[in-house]
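For reference, run_34.cif (mmCIF, C-alpha atoms (C1' of nucleotides)):
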```cif
data_my_file
#
loop_
_atom_site.label_atom_id
_atom_site.label_comp_id
_atom_site.auth_asym_id
_atom_site.auth_seq_id
_atom_site.Cartn_x
_atom_site.Cartn_y
_atom_site.Cartn_z
CA MET A 1 -1.09 -61.44 -23.95
CA PRO A 2 2.50 -60.21 -23.79
CA ALA A 3 3.85 -57.36 -25.83
CA ALA A 4 5.27 -58.52 -29.13
CA GLU A 5 8.85 -57.51 -28.50
CA ASP A 6 9.03 -59.37 -25.19
CA VAL A 7 8.46 -62.71 -26.80
CA LYS A 8 11.51 -64.65 -27.88
CA LYS A 9 10.46 -68.16 -27.06
CA CYS A 10 7.29 -70.20 -27.39
CA PRO A 11 5.87 -70.73 -23.90
CA VAL A 12 4.39 -74.06 -24.93
CA CYS A 13 7.18 -75.96 -26.64
CA GLY A 14 10.11 -73.67 -26.00
CA SER A 15 10.97 -73.28 -29.66
CA THR A 16 12.59 -70.03 -30.69
CA LYS A 17 11.33 -70.29 -34.24
CA LEU A 18 8.60 -67.70 -34.16
CA ILE A 19 7.23 -66.04 -37.25
CA PHE A 20 5.18 -62.92 -37.66
CA ASP A 21 2.00 -63.44 -39.63
CA PRO A 22 1.08 -60.02 -40.97
CA GLU A 23 -2.17 -61.40 -42.41
CA ARG A 24 -3.58 -61.93 -38.98
CA GLY A 25 -1.35 -59.69 -36.93
CA GLU A 26 -0.11 -62.57 -34.84
CA ILE A 27 3.20 -64.10 -33.84
CA VAL A 28 3.00 -67.82 -34.31
CA CYS A 29 5.31 -70.62 -33.17
CA THR A 30 6.43 -72.57 -36.25
CA SER A 31 6.79 -75.87 -34.46
CA CYS A 32 3.57 -76.13 -32.49
CA GLY A 33 1.34 -73.46 -33.98
CA TYR A 34 0.70 -71.64 -30.73
CA VAL A 35 -0.23 -68.00 -31.13
CA VAL A 36 2.38 -66.33 -29.00
CA ALA A 37 1.17 -62.77 -29.40
CA GLN A 38 -1.68 -61.16 -31.19
CA ASN A 39 -3.16 -57.80 -31.89
CA ILE A 40 0.26 -56.61 -32.80
CA ILE A 41 0.35 -53.04 -33.82
CA ASP A 42 2.33 -52.55 -36.96
CA THR A 43 4.36 -49.43 -36.30
CA GLY A 44 6.58 -49.66 -39.34
CA PRO A 45 6.13 -47.77 -42.57
CA GLU A 46 3.87 -49.40 -45.11
CA TRP A 47 6.46 -49.00 -47.83
CA ARG A 48 9.90 -50.39 -48.52
CA ALA A 49 12.86 -48.43 -49.80
CA PHE A 50 15.64 -50.02 -51.76
CA ASP A 51 17.98 -47.06 -51.89
CA ALA A 52 18.44 -43.62 -50.45
CA SER A 53 16.54 -41.75 -53.15
CA GLN A 54 13.51 -43.96 -52.73
CA ARG A 55 13.60 -43.43 -48.99
CA GLU A 56 13.80 -39.72 -49.64
CA LYS A 57 10.75 -39.88 -51.87
CA ARG A 58 8.63 -42.20 -49.81
CA GLY A 59 9.43 -41.02 -46.35
CA ARG A 60 6.90 -38.78 -44.76
CA VAL A 61 8.38 -37.01 -41.84
CA GLY A 62 6.83 -35.55 -38.78
CA ALA A 63 3.35 -35.54 -37.39
CA PRO A 64 0.43 -35.94 -39.75
CA ILE A 65 -0.55 -32.80 -41.56
CA THR A 66 -2.01 -30.23 -39.26
CA TYR A 67 -5.54 -29.67 -40.37
CA THR A 68 -6.06 -26.81 -38.03
CA ILE A 69 -4.03 -24.47 -40.17
CA HIS A 70 -6.10 -23.87 -43.21
CA ASP A 71 -4.33 -23.47 -46.54
CA LYS A 72 -0.99 -23.09 -44.87
CA GLY A 73 1.52 -21.59 -47.26
CA LEU A 74 -1.07 -21.29 -49.98
CA SER A 75 -3.06 -18.44 -48.69
CA THR A 76 -2.11 -15.80 -51.23
CA MET A 77 -5.31 -14.77 -52.90
CA ILE A 78 -5.62 -13.06 -56.22
CA ASP A 79 -7.44 -9.81 -55.72
CA TRP A 80 -10.80 -9.55 -57.42
CA LYS A 81 -10.17 -5.92 -58.42
CA ASN A 82 -8.80 -5.45 -61.88
CA LYS A 83 -6.22 -2.92 -60.71
CA ASP A 84 -2.48 -3.21 -60.48
CA ILE A 85 -0.49 -2.19 -57.38
CA HIS A 86 -0.45 1.42 -58.52
CA GLY A 87 -4.21 1.51 -58.82
CA HIS A 88 -4.20 1.63 -62.61
CA GLU A 89 -6.64 -0.30 -64.69
CA LEU A 90 -5.23 -3.50 -66.15
CA SER A 91 -4.95 -4.02 -69.86
CA ALA A 92 -7.47 -6.29 -71.52
CA THR A 93 -5.00 -9.14 -71.91
CA THR A 94 -3.81 -8.94 -68.30
CA ARG A 95 -7.38 -8.78 -67.13
CA ALA A 96 -8.19 -11.92 -69.05
CA GLN A 97 -5.12 -13.57 -67.57
CA MET A 98 -6.17 -12.62 -64.06
CA TYR A 99 -9.59 -14.03 -64.70
CA ARG A 100 -8.10 -17.35 -65.72
CA LEU A 101 -5.80 -17.35 -62.71
CA ARG A 102 -8.71 -16.81 -60.34
CA LYS A 103 -10.63 -19.57 -61.97
CA TRP A 104 -7.75 -21.99 -61.50
CA GLN A 105 -7.17 -20.96 -57.94
CA ARG A 106 -10.80 -21.71 -57.21
CA ARG A 107 -10.56 -25.10 -58.85
CA ILE A 108 -7.36 -26.03 -57.05
CA ARG A 109 -8.89 -25.09 -53.71
CA VAL A 110 -11.80 -27.43 -54.29
CA SER A 111 -9.68 -30.40 -55.19
CA ASP A 112 -7.49 -29.52 -52.24
CA ALA A 113 -10.44 -29.88 -49.90
CA ALA A 114 -11.26 -33.27 -51.34
CA GLU A 115 -7.66 -34.30 -50.88
CA ARG A 116 -7.72 -33.08 -47.34
CA ASN A 117 -10.85 -35.04 -46.54
CA LEU A 118 -9.34 -38.14 -48.05
CA ALA A 119 -6.16 -37.69 -46.07
CA PHE A 120 -8.17 -37.22 -42.92
CA ALA A 121 -10.24 -40.32 -43.58
CA LEU A 122 -7.19 -42.40 -44.30
CA SER A 123 -5.38 -41.29 -41.18
CA GLU A 124 -8.53 -42.01 -39.19
CA LEU A 125 -8.64 -45.47 -40.72
CA ASP A 126 -5.04 -45.97 -39.81
CA ARG A 127 -5.61 -44.90 -36.24
CA MET A 128 -8.58 -47.19 -35.72
CA ALA A 129 -6.95 -50.18 -37.38
CA SER A 130 -3.78 -49.75 -35.34
CA GLN A 131 -5.73 -49.36 -32.13
CA MET A 132 -7.56 -52.58 -32.84
CA GLY A 133 -4.38 -54.35 -33.87
CA LEU A 134 -5.74 -55.18 -37.29
CA PRO A 135 -3.35 -56.47 -39.92
CA ARG A 136 -2.34 -54.26 -42.76
CA ASN A 137 -4.24 -55.99 -45.51
CA VAL A 138 -7.47 -55.15 -43.72
CA LYS A 139 -6.42 -51.56 -43.40
CA GLU A 140 -5.63 -51.40 -47.09
CA MET A 141 -8.87 -53.06 -48.02
CA ALA A 142 -10.72 -50.51 -45.97
CA ALA A 143 -8.82 -47.69 -47.69
CA VAL A 144 -9.75 -49.07 -51.10
CA LEU A 145 -13.39 -49.22 -50.06
CA TYR A 146 -13.27 -45.66 -48.86
CA ARG A 147 -11.73 -44.43 -52.09
CA LYS A 148 -14.46 -46.22 -54.01
CA ALA A 149 -17.06 -44.60 -51.83
CA VAL A 150 -15.55 -41.20 -52.58
CA MET A 151 -15.54 -41.88 -56.30
CA GLU A 152 -19.19 -42.93 -56.22
CA HIS A 153 -20.03 -39.74 -54.32
CA LEU A 154 -21.39 -41.66 -51.38
CA ILE A 155 -19.88 -39.44 -48.72
CA ARG A 156 -22.21 -36.51 -49.28
CA GLY A 157 -24.51 -36.14 -46.35
CA ARG A 158 -22.69 -38.70 -44.26
CA SER A 159 -19.93 -38.14 -41.79
CA ILE A 160 -16.43 -39.05 -42.84
CA GLU A 161 -15.97 -40.77 -39.50
CA GLY A 162 -19.04 -42.91 -39.99
CA VAL A 163 -18.06 -44.01 -43.46
CA THR A 164 -14.46 -44.79 -42.50
CA ALA A 165 -15.66 -46.91 -39.59
CA ALA A 166 -18.11 -48.66 -41.89
CA CYS A 167 -15.36 -49.36 -44.43
CA LEU A 168 -13.23 -50.85 -41.71
CA TYR A 169 -16.09 -53.03 -40.57
CA ALA A 170 -16.69 -54.23 -44.10
CA ALA A 171 -12.98 -54.85 -44.69
CA CYS A 172 -12.79 -56.98 -41.56
CA ARG A 173 -15.62 -59.12 -42.81
CA MET A 174 -14.14 -59.42 -46.26
CA ALA A 175 -10.85 -60.54 -44.78
CA LYS A 176 -12.62 -63.14 -42.64
CA VAL A 177 -11.43 -61.58 -39.43
CA PRO A 178 -14.76 -60.15 -38.38
CA ARG A 179 -15.05 -57.59 -35.63
CA THR A 180 -18.36 -56.65 -34.11
CA LEU A 181 -19.89 -53.24 -34.44
CA ASP A 182 -19.26 -52.82 -30.72
CA GLU A 183 -15.56 -53.38 -31.18
CA ILE A 184 -15.42 -50.86 -34.00
CA GLU A 185 -17.47 -48.42 -32.01
CA GLU A 186 -14.90 -48.46 -29.22
CA VAL A 187 -12.22 -46.95 -31.41
CA ALA A 188 -14.46 -44.90 -33.67
CA ARG A 189 -15.68 -41.47 -32.78
CA VAL A 190 -19.22 -42.17 -33.87
CA ASP A 191 -21.87 -44.44 -32.45
CA LYS A 192 -22.87 -47.90 -33.53
CA LYS A 193 -26.05 -46.78 -35.21
CA GLU A 194 -24.24 -44.42 -37.51
CA ILE A 195 -21.63 -47.04 -38.39
CA GLY A 196 -24.31 -49.60 -39.14
CA ARG A 197 -26.27 -47.16 -41.26
CA SER A 198 -23.22 -46.16 -43.24
CA TYR A 199 -22.20 -49.76 -43.62
CA ARG A 200 -25.53 -50.86 -45.05
CA PHE A 201 -25.50 -47.90 -47.38
CA ILE A 202 -22.03 -48.43 -48.83
CA ALA A 203 -22.51 -52.19 -48.97
CA ARG A 204 -25.57 -51.64 -51.10
CA GLU A 205 -24.15 -48.89 -53.28
CA LEU A 206 -20.84 -50.61 -53.90
CA ASN A 207 -22.53 -53.97 -54.44
CA LEU A 208 -20.52 -55.64 -51.73
CA ARG A 209 -21.93 -59.09 -51.46
CA LEU A 210 -20.73 -60.09 -48.07
CA PRO A 211 -21.91 -63.46 -46.87
CA PRO A 212 -23.16 -63.41 -43.30
CA THR A 213 -20.26 -63.98 -40.96
CA SER A 214 -19.64 -67.59 -40.12
CA PRO A 215 -19.14 -68.60 -36.50
CA ILE A 216 -16.00 -70.40 -37.65
CA ASP A 217 -14.34 -67.08 -38.38
CA TYR A 218 -14.47 -66.27 -34.68
CA VAL A 219 -13.09 -69.53 -33.36
CA ASN A 220 -9.42 -68.71 -33.73
CA ARG A 221 -9.57 -65.38 -32.00
CA PHE A 222 -11.77 -66.54 -29.14
CA ALA A 223 -9.77 -69.72 -28.62
CA ASP A 224 -6.54 -67.76 -28.42
CA GLN A 225 -8.01 -65.37 -25.90
CA LEU A 226 -9.10 -68.34 -23.83
CA GLY A 227 -5.72 -70.00 -24.16
CA LEU A 228 -7.16 -73.11 -25.75
CA SER A 229 -5.11 -75.67 -27.65
CA GLU A 230 -5.17 -76.36 -31.37
CA ARG A 231 -6.96 -79.63 -30.70
CA THR A 232 -9.80 -77.85 -28.98
CA LYS A 233 -9.90 -75.27 -31.73
CA SER A 234 -10.33 -77.82 -34.48
CA ARG A 235 -12.83 -79.72 -32.36
CA ALA A 236 -14.90 -76.58 -32.09
CA ILE A 237 -14.65 -76.05 -35.82
CA LYS A 238 -15.84 -79.61 -36.46
CA ILE A 239 -18.80 -79.04 -34.19
CA LEU A 240 -19.62 -75.85 -36.04
CA GLN A 241 -19.40 -77.49 -39.44
CA GLU A 242 -21.87 -80.10 -38.27
CA ALA A 243 -24.12 -77.43 -36.86
CA ILE A 244 -24.03 -75.42 -40.06
CA LYS A 245 -24.90 -78.51 -42.07
CA LYS A 246 -27.95 -79.08 -39.92
CA GLY A 247 -28.99 -75.47 -40.15
CA LEU A 248 -28.59 -74.81 -36.46
CA THR A 249 -26.73 -71.59 -37.05
CA SER A 250 -29.07 -69.68 -39.30
CA GLY A 251 -30.73 -66.80 -37.60
CA ARG A 252 -28.49 -67.18 -34.58
CA GLY A 253 -25.84 -64.69 -33.63
CA PRO A 254 -22.61 -66.16 -34.96
CA MET A 255 -20.69 -65.16 -31.86
CA GLY A 256 -23.05 -66.93 -29.54
CA VAL A 257 -22.80 -70.10 -31.61
CA ALA A 258 -19.02 -69.87 -31.79
CA ALA A 259 -18.87 -69.39 -28.02
CA ALA A 260 -21.09 -72.40 -27.41
CA ALA A 261 -19.03 -74.61 -29.72
CA LEU A 262 -15.85 -73.55 -27.96
CA TYR A 263 -17.40 -74.24 -24.60
CA ILE A 264 -18.39 -77.74 -25.66
CA ALA A 265 -15.00 -78.37 -27.24
CA SER A 266 -13.23 -77.18 -24.11
CA VAL A 267 -15.18 -79.61 -21.99
CA LEU A 268 -14.69 -82.49 -24.42
CA GLU A 269 -10.97 -81.91 -24.67
CA GLY A 270 -10.50 -81.63 -20.96
CA GLU A 271 -9.50 -77.98 -20.81
CA LYS A 272 -12.77 -76.72 -19.54
CA ARG A 273 -13.54 -73.05 -19.44
CA THR A 274 -16.54 -71.71 -17.57
CA GLN A 275 -19.53 -70.39 -19.44
CA ARG A 276 -18.71 -67.05 -17.94
CA GLU A 277 -15.19 -66.96 -19.45
CA VAL A 278 -16.38 -68.05 -22.86
CA ALA A 279 -19.23 -65.59 -22.81
CA GLU A 280 -16.86 -62.79 -21.94
CA VAL A 281 -14.49 -63.15 -24.89
CA ALA A 282 -17.41 -63.61 -27.27
CA HIS A 283 -19.18 -60.51 -25.98
CA VAL A 284 -22.40 -62.37 -25.27
CA THR A 285 -24.04 -63.36 -22.02
CA GLU A 286 -23.79 -66.68 -20.24
CA VAL A 287 -27.44 -67.23 -20.94
CA THR A 288 -26.85 -67.09 -24.65
CA VAL A 289 -23.92 -69.47 -24.42
CA ARG A 290 -26.13 -71.74 -22.41
CA ASN A 291 -29.04 -71.67 -24.82
CA ARG A 292 -26.82 -72.25 -27.85
CA TYR A 293 -24.85 -75.04 -26.27
CA LYS A 294 -28.02 -76.78 -25.11
CA GLU A 295 -29.25 -76.71 -28.67
CA LEU A 296 -26.00 -77.98 -30.10
CA VAL A 297 -25.65 -80.79 -27.61
CA GLU A 298 -29.22 -81.88 -28.16
CA LYS A 299 -29.38 -81.63 -31.94
CA LEU A 300 -25.95 -83.04 -32.62
CA GLY A 301 -26.24 -85.79 -30.07
CA ILE A 302 -23.09 -84.85 -28.22
CA LYS A 303 -22.53 -86.57 -24.92
CA LEU A 304 -20.96 -84.44 -22.26
CA ASN A 305 -19.67 -86.25 -19.25
CA ILE A 306 -19.37 -83.48 -16.75
"C1'" DA B 1 -18.29 -70.04 -2.74
"C1'" DA B 2 -18.51 -70.66 -7.54
"C1'" DG B 3 -20.59 -72.39 -11.38
"C1'" DA B 4 -24.57 -73.95 -13.87
"C1'" DC B 5 -29.41 -73.68 -14.80
"C1'" DG B 6 -33.79 -71.64 -16.21
"C1'" DA B 7 -37.80 -68.44 -15.78
"C1'" DA B 8 -39.48 -63.96 -16.73
"C1'" DA B 9 -39.35 -59.38 -18.12
"C1'" DG B 10 -36.90 -55.93 -20.96
"C1'" DT B 11 -34.32 -54.20 -25.20
"C1'" DG B 12 -33.18 -52.91 -30.01
"C1'" DG B 13 -33.52 -54.03 -34.71
"C1'" DT B 14 -35.95 -56.16 -38.67
"C1'" DT B 15 -40.15 -57.06 -41.29
"C1'" DG B 16 -44.50 -56.69 -43.35
"C1'" DA B 17 -48.88 -54.32 -43.64
"C1'" DT C 1 -45.25 -45.27 -40.02
"C1'" DC C 2 -46.46 -48.70 -36.74
"C1'" DA C 3 -47.04 -53.08 -34.57
"C1'" DA C 4 -45.51 -57.88 -34.41
"C1'" DC C 5 -41.66 -60.66 -33.82
"C1'" DA C 6 -37.33 -63.32 -32.87
"C1'" DA C 7 -32.92 -63.12 -30.84
"C1'" DC C 8 -30.54 -61.63 -27.16
"C1'" DT C 9 -29.87 -59.41 -22.49
"C1'" DT C 10 -30.75 -58.54 -17.66
"C1'" DT C 11 -31.99 -60.06 -13.43
"C1'" DC C 12 -32.73 -63.17 -10.01
"C1'" DG C 13 -33.75 -67.37 -7.44
"C1'" DT C 14 -32.48 -72.30 -7.17
"C1'" DC C 15 -29.69 -76.28 -7.57
"C1'" DT C 16 -25.08 -78.67 -7.79
"C1'" DT C 17 -20.27 -79.38 -6.94
#
```
Using structure tokens, write down the structure that the file contains.
Amino acid sequence: MPAAEDVKKCPVCGSTKLIFDPERGEIVCTSCGYVVAQNIIDTGPEWRAFDASQREKRGRVGAPITYTIHDKGLSTMIDWKNKDIHGHELSATTRAQMYRLRKWQRRIRVSDAAERNLAFALSELDRMASQMGLPRNVKEMAAVLYRKAVMEHLIRGRSIEGVTAACLYAACRMAKVPRTLDEIEEVARVDKKEIGRSYRFIARELNLRLPPTSPIDYVNRFADQLGLSERTKSRAIKILQEAIKKGLTSGRGPMGVAAAALYIASVLEGEKRTQREVAEVAHVTEVTVRNRYKELVEKLGIKLNI
DNA sequence: AAGACGAAAGTGGTTGA
DNA sequence: TCAACAACTTTCGTCTT
């Protein structure tokens, strides 16, 4: 897949009318529907400025906050001794004032830490989403989930990394652009187990009722990676709808089923891909593709003239 | 030589006692 | 907590094109 900025013309029909679909992070040809580029990393700011003062306000300049320098610029502490700089005892009113000041400094520090953790989580989310080329709405959804998790005090005892990854996973599913745990794991700094655990936990606690992922949600992405036409895509989707109706998909890994449907569709539409190729983009083995496609062909009565 | 096929043993996660 | 279980993977030999 070419880099986004290199593409000026649709390689299929030659049209120059390409539009960017931020929902899916893809550049699509408006005349034939071909996905010219995908997994585009959105490098722009997530805000818009209408005049200079807004830009001034919204712009955040420089590298992300450096977390290595603790309390930078705010490190002046109020001494616990009730003495002034000459060593004299403070008056009762000043002493009371100092007491209140200390109390507030303590409180501010605490909320500061929470802020810092949130900022860290959000920048982590941003990094992972960008690395995976996920569209912005997914990123935002994940951020909302994370904030909810913070408000419900679900982070205690769990790693920030794990929960952010889990939020991203959930957001992908909610947006119907599912990614596997493996794909998340590649960009996360925690392992799959941890992500899965955190995901189940927050899904339960936040009452996220996420329907099991449908194989259909995978068709677009896989088909694009295989360079398959729209015809083949919709053929695969038709096959899957049939299969779902007959209950052939329940209990099966959705990716394996999607891969099998695409394989069948590719053969039927005369742009055959090998089982190996299909298996690769779907992150399953050839054997699984084989087993699923055998089932589909048999139960749906599809004739393959190979 | 590459792809498709299928048997058999192994793996990790869920479920139910 | 543990064993049973289904889905999926790995591996490998055979057949087909």
Please find the residues of chain A near chain B - the criterion being any atom within 10 Å, counting all atoms listed in the file - and write them as a CSV table (one decimal) with C-alpha atoms, in the coordinates of the input.
```
chain,number,residue,atom,x,y,z
A,274,THR,CA,-16.5,-71.7,-17.6
A,275,GLN,CA,-19.5,-70.4,-19.4
A,276,ARG,CA,-18.7,-67.0,-17.9
A,286,GLU,CA,-23.8,-66.7,-20.2
A,287,VAL,CA,-27.4,-67.2,-20.9
A,290,ARG,CA,-26.1,-71.7,-22.4
A,291,ASN,CA,-29.0,-71.7,-24.8
```
What are the closest atom pairs, with distances in Å to one decimal, for each residue of chain A lying within 9 Å of chain C, using all atoms listed in the file, rows by chain and rising residue number, as a tab-separated table?
```
residue	atom	partner	partner_atom	distance
A:Gly251	CA	C:DA7	C1'	8.0
A:Arg252	CA	C:DA7	C1'	7.1
A:Gly253	CA	C:DA7	C1'	7.8
A:Val284	CA	C:DC8	C1'	8.4
A:Thr285	CA	C:DT9	C1'	7.1
A:Val287	CA	C:DT9	C1'	8.3
A:Thr288	CA	C:DC8	C1'	7.1
```
Among A:Glu183, A:Ala113, A:Phe222, A:Ala170, A:Leu208 is approached most closely, using all atoms listed in the file, by A:Ala170
How many Å separate atom CA of A:Pro211 from atom CA of A:Glu295?
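Between atom CA of A:Pro211 and atom CA of A:Glu295 the gap is 23.7 Å.
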So the first atom is atom CA of A:Ser198 and the second is atom CA of A:Val163; what is the distance between them in Å, to one decimal place?
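Computing the Euclidean distance for atom CA of A:Ser198 and atom CA of A:Val163 yields 5.6 Å.
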Could you tell me how far atom CA of A:Phe201 sits from atom CA of A:Leu154, in Å to one decimal place?
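Spanning atom CA of A:Leu154 to atom CA of A:Phe201 is a straight-line distance of 8.5 Å.
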As JSON: centre and edge lengths in Å, one decimal, of the axis-aligned box holding stretch 5-9 of chain C with 8 Å per side:
```
{"center_x": -35.8, "center_y": -61.4, "center_z": -28.2, "size_x": 27.8, "size_y": 19.9, "size_z": 27.3}
```
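The nearest approach to A:Arg197 among the residues A:Glu185, A:Ala175, A:Ala166, A:Leu118, with all atoms listed in the file taken into account, belongs to A:Ala166.
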Calculated over only C-alpha atoms, which of the candidates A:Thr164, A:Ala282, A:Ala259, A:Arg292 has the smallest distance to A:Ala143?
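For A:Ala143, the nearest of the candidates is A:Thr164.
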For A:Thr232: contacts at 7 Å, all atoms listed in the file, fewer than 4 positions along chain excluded, given as a PyMOL selection string
chain A and resi 228+236+265-266+269
